[in-house]
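**Student:** Take this structure first; my questions come after.
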Amino acid sequence: MTETGTLRLPPRIHVGFGVRHQLPVIIGEHGRRVFAVVDPFLAGSPDFVAIVDALRAGGSEVVVYTDVLPELPVDSLTEAGVVAAAFAPDVVLAYGGGSALDAAKLVAVLVAHGGVLADYYGENNVPGPILPIVAVPTTAGTGSEVTPVAVISDPDREMKIGVSSHHLIPVAAVVDPELTIGAPPSVTAYAGIDALVHALESFTAADLPLDWASQLPVFTGQNLFVRHLALEAIRRIAPNLPRAVADGTDREAREEVAYGSLLAGMCFGPTGTHLSHAVQYPVGAITKTPHGLGTGLMIPYVLQACVPLMPERLAAIGAALGGTESDVRAAAQDAVDRVAELCRTIGIPTSLAEIGVRADQLPRIAELTLQSKRLVDISPIGSDPELIDTILQAAHAGDRSALRADTDAR
């Protein structure tokens, strides 16, 4: 066997309807002082209240922290760390969407190691174990419950910044699809398409050279395990996401998308994402649009550029999406077209112009994209400025034809 594989996951993962009822047992294994980080609009929800009541009935002292702001401004997280440190928790409960889960990770870092968050920006800068985190997602998309990364907004920077370390992986992920039922269509769409992008970018990640005698990067590129997990994630998410968007009470669709999102998180945790995410960071900062909207908008253009580079992998994606093309190149193109159609079906914008990006901003977006080196390096496209410019021009126009002609010529 010439390929290598890496998985970094929580010691415990539970998925399925009703698994949230295991939370008092799981949390109790890590202590009795619980700092719960929760999205503010969920703090009074019956499910969350029932979890807190069960913890308190079992003898735990619970502090509920709800000052979780969208996009996680760094100053708000510093304040959260001060509040948590004053309580001196044994364990952190992360409950909500991606922002709440990422906030909990960063609070756990600050309580354990002090300092300021800028000390931990980048890869492998968390010096050791942090407070144990039990992660409970209420959206199907982020994958943060099983990943080693948290993303925040820093006003001193033009785009979001990540803290990446295997120490950020929660000690337990509890994925109960019941908690996603009734999420608004837009939240379902943006979270769900981001999960699909995680699987697509993991499966199309570059093979990175690794020095096994040294500390590994957090994201190691293509690996043996992900080949299987990513395709299964695609098979679960793609046919069920439109159903979940159309009907928030569709239990089967919610279950499938939640499971697919979990699998996608298991993929990109060790592998990493690539160019759709690298572009989204500056685009999201400029337009103040949701993360999943940006990655979903970009993924058809990124995959289009990948067609001549890895037609076999894209053909495999096409088969997972239900394609039947026998010619490899035709199957690869069919895969891209199917992804683009899925994005349109669930209401993802089709162009950067549509979300307010001006043509004169594209050069700066390209420059900032290339600064996300760890993401660009994982991309099979690499750091070719000309090709990245072509992708951005196509995405701005909302037209893959010029990009397709460019890639067909290669």
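Residue numbers start at 1 in each chain; chains themselves are named A, B, ... in the order of the structure tokens; ligands are numbered from 1 in the order shown.
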Got a sec: who's within 8 Å of region 40-45 of chain A, counting only C-alpha atoms, leaving out chain neighbours fewer than 4 positions off, as an mmCIF file with N, CA, C and O atoms, in the first residue's frame?

**Tutor:**
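After the write, around29.cif holds the following:
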data_model
loop_
_atom_site.group_PDB
_atom_site.id
_atom_site.type_symbol
_atom_site.label_atom_id
_atom_site.label_comp_id
_atom_site.auth_asym_id
_atom_site.auth_seq_id
_atom_site.Cartn_x
_atom_site.Cartn_y
_atom_site.Cartn_z
ATOM 1 N N VAL A 49 -33.127 23.585 27.371
ATOM 2 C CA VAL A 49 -33.546 23.696 28.772
ATOM 3 C C VAL A 49 -33.605 22.320 29.420
ATOM 4 O O VAL A 49 -33.173 22.127 30.570
ATOM 5 N N VAL A 64 -24.634 29.187 31.909
ATOM 6 C CA VAL A 64 -25.019 29.283 30.499
ATOM 7 C C VAL A 64 -24.530 30.621 29.947
ATOM 8 O O VAL A 64 -24.899 31.690 30.459
ATOM 9 N N THR A 66 -24.412 33.044 26.649
ATOM 10 C CA THR A 66 -25.151 33.227 25.403
ATOM 11 C C THR A 66 -24.642 34.364 24.528
ATOM 12 O O THR A 66 -25.203 34.618 23.461
ATOM 13 N N ASP A 67 -23.588 35.061 24.951
ATOM 14 C CA ASP A 67 -23.106 36.207 24.164
ATOM 15 C C ASP A 67 -22.238 35.741 22.998
ATOM 16 O O ASP A 67 -21.059 36.104 22.873
ATOM 17 N N VAL A 68 -22.843 34.912 22.143
ATOM 18 C CA VAL A 68 -22.159 34.397 20.959
ATOM 19 C C VAL A 68 -22.589 35.253 19.767
ATOM 20 O O VAL A 68 -23.756 35.238 19.374
ATOM 21 N N GLY A 96 -25.178 24.469 19.536
ATOM 22 C CA GLY A 96 -25.680 25.415 18.549
ATOM 23 C C GLY A 96 -25.070 25.192 17.185
ATOM 24 O O GLY A 96 -24.651 24.087 16.830
#

**Student:** Please return as JSON, numbers by chain: the residues of region 202-265 of chain A that backbone DSSP assigns to helix (DSSP H, G or I).

**Tutor:** {"A": [202, 203, 224, 225, 226, 227, 228, 229, 230, 231, 232, 233, 234, 235, 236, 237, 241, 242, 243, 244, 245, 246, 251, 252, 253, 254, 255, 256, 257, 258, 259, 260, 261, 262, 263, 264, 265]}

**Student:** Expressed in Å to a single decimal, how great is the separation between CA of Asn125 (chain A) and CA of Lys105 (chain A)?

**Tutor:**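 Straight-line distance from CA of Asn125 (chain A) to CA of Lys105 (chain A) works out to 13.9 Å.
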
**Student:** At a cut-off of 9 Å, using only C-alpha atoms, what residues contact Glu312 (chain A)? Leave out same-chain residues fewer than 4 positions from it and give the result as a ChimeraX atom specification.

**Tutor:** /A:307,316-317,328-329,331-332

**Student:** Could you give me, as an NGL selection string, the residues within 12 Å of His228 (chain A), counting only C-alpha atoms and dropping anything in the same chain fewer than 5 positions from it?

**Tutor:** :A and (5 or 199-200 or 202-203 or 222-223 or 233-235 or 263-264 or 266-267 or 313 or 316-317 or 320)

**Student:** Give me the residues near Ser276 (chain A) as a short mmCIF file (atom, residue, chain, number, x, y, z; two decimals) with all heavy atoms, in the first residue's frame, where near means some atom within 8 Å (using only C-alpha atoms) and where sequence neighbours in that chain fewer than 2 positions away do not count.

**Tutor:**
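Output file result-v5.cif is given in full below:
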data_model
loop_
_atom_site.label_atom_id
_atom_site.label_comp_id
_atom_site.auth_asym_id
_atom_site.auth_seq_id
_atom_site.Cartn_x
_atom_site.Cartn_y
_atom_site.Cartn_z
N VAL A 197 -19.66 20.87 0.44
CA VAL A 197 -18.36 21.41 0.00
C VAL A 197 -17.22 20.76 0.78
O VAL A 197 -16.17 20.44 0.21
CB VAL A 197 -18.33 22.94 0.11
CG1 VAL A 197 -16.94 23.48 -0.19
CG2 VAL A 197 -19.35 23.57 -0.83
N THR A 273 -9.88 21.68 3.75
CA THR A 273 -10.64 22.16 2.59
C THR A 273 -9.70 22.94 1.69
O THR A 273 -8.53 23.11 2.01
CB THR A 273 -11.81 23.04 3.06
OG1 THR A 273 -11.30 24.08 3.90
CG2 THR A 273 -12.83 22.21 3.84
N HIS A 274 -10.22 23.43 0.58
CA HIS A 274 -9.29 24.18 -0.27
C HIS A 274 -9.89 25.44 -0.88
O HIS A 274 -10.30 26.33 -0.13
CB HIS A 274 -8.57 23.27 -1.28
CG HIS A 274 -9.41 22.50 -2.24
ND1 HIS A 274 -9.98 23.03 -3.36
CD2 HIS A 274 -9.74 21.16 -2.28
CE1 HIS A 274 -10.61 22.09 -4.04
NE2 HIS A 274 -10.49 20.95 -3.40
N ALA A 278 -10.87 29.22 0.63
CA ALA A 278 -9.86 30.29 0.54
C ALA A 278 -10.46 31.55 -0.06
O ALA A 278 -10.14 32.67 0.37
CB ALA A 278 -8.67 29.81 -0.28
N VAL A 279 -11.32 31.40 -1.06
CA VAL A 279 -11.98 32.56 -1.67
C VAL A 279 -13.04 33.13 -0.74
O VAL A 279 -13.21 34.35 -0.63
CB VAL A 279 -12.60 32.18 -3.03
CG1 VAL A 279 -13.46 33.33 -3.57
CG2 VAL A 279 -11.52 31.80 -4.03
N GLN A 280 -13.76 32.26 -0.04
CA GLN A 280 -14.86 32.73 0.81
C GLN A 280 -14.36 33.65 1.92
O GLN A 280 -15.08 34.57 2.30
CB GLN A 280 -15.62 31.55 1.41
CG GLN A 280 -16.93 31.94 2.10
CD GLN A 280 -16.78 32.52 3.49
OE1 GLN A 280 -15.85 32.17 4.21
NE2 GLN A 280 -17.69 33.41 3.88
N GLY A 294 -21.11 31.51 0.67
CA GLY A 294 -19.91 31.77 -0.12
C GLY A 294 -19.25 30.51 -0.66
O GLY A 294 -18.87 30.44 -1.83
N THR A 295 -19.11 29.50 0.20
CA THR A 295 -18.47 28.27 -0.29
C THR A 295 -19.37 27.57 -1.31
O THR A 295 -18.87 27.00 -2.29
CB THR A 295 -18.15 27.31 0.87
OG1 THR A 295 -19.35 26.98 1.58
CG2 THR A 295 -17.15 27.93 1.82
N GLY A 296 -20.69 27.61 -1.08
CA GLY A 296 -21.60 27.00 -2.04
C GLY A 296 -21.61 27.72 -3.38
O GLY A 296 -21.70 27.10 -4.44
N MET A 298 -19.06 29.30 -4.69
CA MET A 298 -17.78 29.11 -5.38
C MET A 298 -17.55 27.68 -5.86
O MET A 298 -16.80 27.45 -6.82
CB MET A 298 -16.62 29.52 -4.47
CG MET A 298 -16.48 31.01 -4.27
SD MET A 298 -16.31 31.96 -5.81
CE MET A 298 -14.92 31.14 -6.59
N ILE A 299 -18.16 26.69 -5.22
CA ILE A 299 -17.76 25.31 -5.50
C ILE A 299 -17.96 24.89 -6.96
O ILE A 299 -17.11 24.17 -7.50
CB ILE A 299 -18.45 24.33 -4.52
CG1 ILE A 299 -17.82 22.93 -4.62
CG2 ILE A 299 -19.95 24.27 -4.73
CD1 ILE A 299 -16.36 22.85 -4.25
N VAL A 302 -14.83 26.20 -8.79
CA VAL A 302 -13.60 25.50 -8.38
C VAL A 302 -13.57 24.10 -9.00
O VAL A 302 -12.54 23.67 -9.55
CB VAL A 302 -13.51 25.44 -6.85
CG1 VAL A 302 -12.37 24.53 -6.41
CG2 VAL A 302 -13.31 26.85 -6.28
#

**Student:** Could you name the residues that touch region 344-353 of chain A at 7 Å or less, counting only C-alpha atoms, but leaving out those on the same chain fewer than 6 positions away, as a PyMOL selection string?

**Tutor:** chain A and resi 189+242+245+293+296-297+395-398

**Student:** Quick check, in Å to one decimal: how far apart do CA of Gly115 (chain A) and CA of Ala94 (chain A) lie?

**Tutor:**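 Taking CA of Gly115 (chain A) and CA of Ala94 (chain A), their separation equals 21.6 Å.
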
**Student:** Using only C-alpha atoms, find the one residue out of A:Thr142, A:Gln333, A:Ser60, A:Ser326 that sits nearest to Gln304 (chain A).

**Tutor:**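 Selected residue with least distance to Gln304 (chain A): A:Gln333.
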